[in-house]
Structures are given as C-alpha cells and as structure tokens.
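What follows is a set of notes on a single structure, which appears directly below.
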2 protein chains.
Amino acid sequence: MPEFKDLDPLLHSQLRLAIMSLLIGVESAEFVFIKEQTGATAGNLSVQIDKLSQAGYISVEKSFRGKKPLTTCKITSKGLKAFEDYVRNLQHYIGK
Amino acid sequence: MPEFKDLDPLLHSQLRLAIMSLLIGVESAEFVFIKEQTGATAGNLSVQIDKLSQAGYISVEKSFRGKKPLTTCKITSKGLKAFEDYVRNLQHYIGK
DNA sequence: TAAAGTAGTTTATATTATAAACCAAACGCA
DNA sequence: TGCGTTTGGTTTATAATATAAACTACTTTA
C-alpha cells in the first residue's frame with residue numbers, strides 16, 4: 001500500500017528543509033551561521049526564513065550584536081510537529 | 001556535521017518521487033495504475049513521466065492493449081542509482 | 001573621508017508544477 | 001447509424017516557487 005500522503009510544500013524545499021533540519025538540533029541559530037551551513041545566498045535565505053516564519057514554523061528575533069544587526073531563528077513547536085509529519089510522510093516515498 | 005548535499009531536483013518533486021517510488025517495487029507499471037496510485041491528474045502525470053524519461057530515469061513503452069493505447073513505465077539502472085543517491089542525501093536532512 | 005565589509009531585504013527573472021483544454025479512438029445504446 | 005460518453009493520453013496556459021541580482025543601511029578600516 002504505497003499511500004502517498006501529501007508532503008507539506010513549505011518543507012519540501014531543499015533550503016527550507018535544511019534550515020529546519022539545522023534548527024532541530026540547536027536551541028537557536030543565527031542568520032550567518034545558517035547561511036554558512038546551508039551554503040545559501042543571503043537573499044535566498046532571507047526569503048525562505050521569512051516563509052517559515054510566516055507559517056509559524058520558526059520564530060525570528062532581530063536584535064543587535066554590538067552595532068551589527070543580528071537575526072536569530074528558533075524552531076517552534078508547530079514547526080517541529082510539521083517537520084515530524086513531513087518526515088513520516090516522506091518515509092512512504094523513500095521506503096523504510 | 002550537517003553537510004547538506006544537493007537533492008537531485010528531478011527527484012525532489014512529490015509526484016516524480018512517487019512515480020519512482022512505485023516503479024522501484026515492480027517490474028513495470030502502466031500509466032493508469034500510476035495515475036491511480038499517485039492520485040495525479042493524467043496531464044500532470046504525462047508531463048512528469050516525460051521528464052523522468054528524458055532524464056533516462058525510466059523507460060517508457062507505448063503499445064496497445066486491444067485497441068486502446070497503453071503506456072508502460074519501468075525504472076532504469078540510472079534511475080535506480082539516482083533514487084538511491086537522493087535518498088542517501090535526504091537522510092542528512094531528516095536525521096537518521 | 002573614501003573604500004570595503006557586514007548583515008541583511010527587495011525585486012526581478014527563470015524554473016516548476018499543475019490544471020485546464022484538447023485530441024483521437026472506442027464503446028454504449030436508442 | 002449516429003450521438004454522447006469513456007478511455008488514455010498530450011499540449012498548452014497559468015500559477016506558484018526558487019533563486020540570484022541588485023539594493024539598503026550601517027560599520028569598520030585605511
């Protein structure tokens with residue numbers, strides 16, 4: 001019984017998935033760190049962080065470190081649940 | 001070490017992934033069967049089968065059953081390898 | 001004070017996915 | 001025998017996405 005459940009389109013995106021994947025392992029992560037880890041361009045990252053934030057999957061805090069802007073991201077419980085659902089559904093596609 | 005390898009964009013698509021997933025388990029599958037299993041519209045399925053075929057991930061045979069056209073799909077070894085790579089890379093994203 | 005760097009955001013474009021419209025043949029049946 | 005319906009698709013138009021390029025604002029360095 002294959003049964004291909006829909007994959008949350010918000011998570012079925014390489015970059016957004018990587019962002020979520022990163023955030024799952026940590027308390028919070030900074031924009032620049034995420035940028036480095038994912039290899040994304042700043043522009044793309046900015047857009048995708050915004051989408052995840054709009055969806056309530058992550059929370060974003062803008063502050064300053066010294067004089068420079070600092071964007072910090074954190075996964076929300078809604079985001080965590082969405083990620084877990086996504087992974088569960090995905091298993092049906094990739095066997096196992 | 002996260003290390004987010006690129007996910008083959010040809011496979012990182014819900015419908016194409018479902019098609020490949022289906023084909024992995026069987027010798028071959030007919031258009032109508034794939035359509036039923038995936039819930040895709042015929043048009044969308046036609047397009048996506050074409051893309052997978054163009055990429056050499058599946059082979060497509062057009063024949064007739066009785067008087068009706070019959071499209072049969074089969075995964076190729078190239079497709080199998082691509083799928084396996086995709087799954088392996090994906091694991092980095094979804095933990096495990 | 002001018003050039004270069006940091007940390008982003010905005011916007012324009014290219015790519016994708018998807019549905020809607022279409023086509024040809026076959027079938028059902030009055 | 002014609003006329004509508006179904007089957008098995010393909011083609012094409014549109015909507016959604018991803019991405020890079022251009023830009024902004026401020027800071028640091030020389």
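Ligands are numbered from 1 in the order shown, residues from 1 within each chain, and chains are lettered A, B, ... in the order they appear in the structure tokens.
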Excluding stretch 14-22 of chain D and residues on its chain fewer than 3 positions from it, collect all residues at most 8 Å away from it, counting only C-alpha atoms (C1' of nucleotides), and give them as a CSV table (one decimal) with N, CA and C atoms (P, O5', C5', C4', C3', O3' and C1' of nucleotides), in the first residue's frame.
```csv
chain,number,residue,atom,x,y,z
A,43,GLY,N,20.2,36.4,0.2
A,43,GLY,CA,18.9,36.8,-0.3
A,43,GLY,C,17.9,35.6,-0.3
A,44,ASN,N,18.4,34.5,-0.8
A,44,ASN,CA,17.5,33.4,-0.8
A,44,ASN,C,17.2,33.0,0.7
C,15,DT,P,16.1,28.9,-16.7
C,15,DT,O5',15.2,28.0,-15.7
C,15,DT,C5',15.5,28.1,-14.3
C,15,DT,C4',14.4,27.3,-13.6
C,15,DT,C3',13.9,26.0,-14.3
C,15,DT,O3',14.3,25.0,-13.4
C,15,DT,C1',12.1,27.3,-13.5
C,16,DT,P,13.8,23.5,-13.5
C,16,DT,O5',12.8,23.5,-12.3
C,16,DT,C5',11.6,24.2,-12.3
C,16,DT,C4',10.6,23.7,-11.3
C,16,DT,C3',10.0,22.4,-11.7
C,16,DT,O3',9.8,21.6,-10.6
C,16,DT,C1',8.4,24.2,-11.9
C,17,DA,P,9.0,20.3,-10.5
C,17,DA,O5',7.5,20.8,-10.3
C,17,DA,C5',7.2,21.6,-9.2
C,17,DA,C4',5.7,21.9,-9.2
C,17,DA,C3',4.8,20.7,-9.3
C,17,DA,O3',3.8,20.8,-8.3
C,17,DA,C1',4.3,22.3,-11.0
```
Out of chain A, which residues get alpha helix (DSSP H) from DSSP, as JSON, numbers by chain? {"A": [14, 15, 16, 17, 18, 19, 20, 21, 22, 23, 24, 31, 32, 33, 34, 35, 36, 37, 38, 42, 43, 44, 45, 46, 47, 48, 49, 50, 51, 52, 53, 54, 77, 78, 79, 80, 81, 82, 83, 84, 85, 86, 87, 88, 89, 90, 91, 92, 93]}
Neighbouring residues of B:Glu3 were defined as those with any atom within 9 Å, considering only C-alpha atoms (C1' of nucleotides); residues of the same chain fewer than 6 positions away were excluded. Please report them as an MDAnalysis selection string. (chainID A and resid 37:38) or (chainID B and resid 92:93)
Can I get the selection written as a compact mmCIF listing (two decimals), in the first residue's frame, with N, CA and C atoms?
```
# COMPACT_ATOMS: atom_id res chain seq x y z
N GLN A 37 26.19 27.14 6.93
CA GLN A 37 25.90 25.71 6.97
C GLN A 37 25.15 25.23 5.73
N THR A 38 24.26 26.07 5.26
CA THR A 38 23.45 25.64 4.12
C THR A 38 24.08 26.02 2.79
N HIS B 92 20.48 13.12 5.39
CA HIS B 92 21.17 14.16 6.15
C HIS B 92 20.21 15.25 6.62
N TYR B 93 19.17 15.43 5.84
CA TYR B 93 18.22 16.50 6.15
C TYR B 93 17.22 16.05 7.21
```
Please return, as a PyMOL selection string, all residues of chain A that DSSP assigns to strand (DSSP E) on the basis of the backbone. chain A and resi 29-30+58-65+68-75
Next, dump the selected residues to file, keeping only all heavy atoms, as a compact mmCIF listing (two decimals), in the first residue's frame.
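Listed below is the output, selection.txt:
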```
# COMPACT_ATOMS: atom_id res chain seq x y z
N ALA A 29 19.70 29.53 16.18
CA ALA A 29 20.81 29.72 15.26
C ALA A 29 20.73 31.09 14.61
O ALA A 29 19.64 31.61 14.36
CB ALA A 29 20.81 28.62 14.20
N GLU A 30 21.89 31.65 14.34
CA GLU A 30 21.96 32.97 13.73
C GLU A 30 21.95 32.89 12.22
O GLU A 30 22.41 31.91 11.64
CB GLU A 30 23.25 33.67 14.19
CG GLU A 30 23.29 33.87 15.68
CD GLU A 30 24.65 34.33 16.17
OE1 GLU A 30 25.48 34.72 15.31
OE2 GLU A 30 24.88 34.31 17.40
N ILE A 58 9.00 28.70 12.49
CA ILE A 58 10.15 29.19 13.25
C ILE A 58 9.81 30.58 13.81
O ILE A 58 8.91 31.24 13.29
CB ILE A 58 11.45 29.30 12.40
CG1 ILE A 58 11.31 30.38 11.33
CG2 ILE A 58 11.78 27.97 11.75
CD1 ILE A 58 12.58 30.64 10.53
N SER A 59 10.51 30.96 14.86
CA SER A 59 10.38 32.33 15.33
C SER A 59 11.69 33.04 15.05
O SER A 59 12.76 32.44 15.11
CB SER A 59 10.06 32.35 16.82
OG SER A 59 11.14 31.83 17.56
N VAL A 60 11.57 34.31 14.73
CA VAL A 60 12.75 35.07 14.32
C VAL A 60 12.86 36.29 15.22
O VAL A 60 11.89 37.02 15.42
CB VAL A 60 12.60 35.52 12.85
CG1 VAL A 60 13.79 36.37 12.43
CG2 VAL A 60 12.46 34.31 11.95
N GLU A 61 14.04 36.47 15.74
CA GLU A 61 14.26 37.62 16.60
C GLU A 61 15.35 38.50 16.01
O GLU A 61 16.44 38.01 15.71
CB GLU A 61 14.72 37.13 17.98
CG GLU A 61 14.15 37.93 19.14
CD GLU A 61 14.99 37.71 20.38
OE1 GLU A 61 14.74 36.71 21.05
OE2 GLU A 61 15.90 38.55 20.65
N LYS A 62 15.02 39.76 15.85
CA LYS A 62 16.01 40.69 15.30
C LYS A 62 16.54 41.59 16.40
O LYS A 62 15.77 42.25 17.09
CB LYS A 62 15.38 41.53 14.19
CG LYS A 62 15.43 40.82 12.83
CD LYS A 62 14.20 41.07 12.00
CE LYS A 62 13.95 39.97 11.00
NZ LYS A 62 15.01 39.77 10.01
N SER A 63 17.82 41.58 16.56
CA SER A 63 18.43 42.40 17.61
C SER A 63 19.75 42.95 17.06
O SER A 63 19.94 43.03 15.86
CB SER A 63 18.68 41.54 18.84
OG SER A 63 19.54 40.47 18.50
N PHE A 64 20.60 43.33 17.95
CA PHE A 64 21.92 43.80 17.54
C PHE A 64 22.99 43.13 18.38
O PHE A 64 22.81 42.91 19.58
CB PHE A 64 22.03 45.32 17.70
CG PHE A 64 21.35 46.07 16.61
CD1 PHE A 64 19.99 46.35 16.69
CD2 PHE A 64 22.05 46.45 15.47
CE1 PHE A 64 19.35 47.02 15.65
CE2 PHE A 64 21.42 47.12 14.44
CZ PHE A 64 20.06 47.41 14.53
N ARG A 65 24.07 42.81 17.71
CA ARG A 65 25.25 42.37 18.46
C ARG A 65 26.24 43.50 18.27
O ARG A 65 26.73 43.69 17.15
CB ARG A 65 25.81 41.08 17.91
CG ARG A 65 27.20 40.84 18.51
CD ARG A 65 27.56 39.38 18.61
NE ARG A 65 27.42 38.70 17.33
CZ ARG A 65 27.09 37.41 17.22
NH1 ARG A 65 26.86 36.70 18.31
NH2 ARG A 65 26.99 36.86 16.04
N LYS A 68 26.04 45.65 15.00
CA LYS A 68 25.55 44.97 13.79
C LYS A 68 24.23 44.24 14.04
O LYS A 68 24.03 43.67 15.11
CB LYS A 68 26.59 43.97 13.30
CG LYS A 68 27.82 44.63 12.76
CD LYS A 68 28.85 43.57 12.39
CE LYS A 68 30.22 44.18 12.21
NZ LYS A 68 31.28 43.16 12.30
N PRO A 69 23.40 44.26 13.02
CA PRO A 69 22.13 43.54 13.14
C PRO A 69 22.38 42.05 13.35
O PRO A 69 23.38 41.50 12.86
CB PRO A 69 21.44 43.80 11.81
CG PRO A 69 22.48 44.32 10.89
CD PRO A 69 23.55 44.92 11.74
N LEU A 70 21.48 41.45 14.07
CA LEU A 70 21.62 40.03 14.37
C LEU A 70 20.26 39.38 14.29
O LEU A 70 19.33 39.79 14.99
CB LEU A 70 22.20 39.86 15.78
CG LEU A 70 22.37 38.42 16.27
CD1 LEU A 70 23.45 37.71 15.48
CD2 LEU A 70 22.71 38.41 17.75
N THR A 71 20.15 38.40 13.42
CA THR A 71 18.88 37.69 13.24
C THR A 71 19.03 36.29 13.80
O THR A 71 19.89 35.54 13.37
CB THR A 71 18.51 37.64 11.74
OG1 THR A 71 18.37 38.97 11.27
CG2 THR A 71 17.21 36.89 11.54
N THR A 72 18.17 35.98 14.76
CA THR A 72 18.26 34.68 15.41
C THR A 72 16.98 33.89 15.18
O THR A 72 15.89 34.42 15.34
CB THR A 72 18.47 34.87 16.92
OG1 THR A 72 19.55 35.77 17.12
CG2 THR A 72 18.79 33.55 17.59
N CYS A 73 17.14 32.63 14.79
CA CYS A 73 15.99 31.79 14.47
C CYS A 73 15.90 30.61 15.43
O CYS A 73 16.91 30.07 15.88
CB CYS A 73 16.11 31.24 13.06
SG CYS A 73 16.25 32.51 11.81
N LYS A 74 14.66 30.23 15.63
CA LYS A 74 14.40 29.15 16.57
C LYS A 74 13.20 28.37 16.04
O LYS A 74 12.25 28.97 15.52
CB LYS A 74 14.04 29.82 17.90
CG LYS A 74 14.12 28.96 19.13
CD LYS A 74 13.67 29.76 20.35
CE LYS A 74 14.82 30.50 21.02
NZ LYS A 74 14.81 30.38 22.51
N ILE A 75 13.24 27.08 16.16
CA ILE A 75 12.09 26.30 15.69
C ILE A 75 10.97 26.41 16.71
O ILE A 75 11.22 26.51 17.92
CB ILE A 75 12.49 24.83 15.44
CG1 ILE A 75 11.45 24.13 14.56
CG2 ILE A 75 12.67 24.08 16.75
CD1 ILE A 75 11.95 22.80 14.00
```
Give me the residues within 10 Å of B:Ile94 as a PyMOL selection string, counting only C-alpha atoms (C1' of nucleotides) and dropping any in the same chain fewer than 3 places off. (chain A and resi 17-18+20-22+24+83-84+86-88+90) or (chain B and resi 89-91)
With distances taken over only C-alpha atoms (C1' of nucleotides), which of B:Ser46, B:Asp8, B:Gly66, B:Gly79 is nearest to chain D?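 Of the candidates, the smallest distance to chain D is held by B:Ser46.
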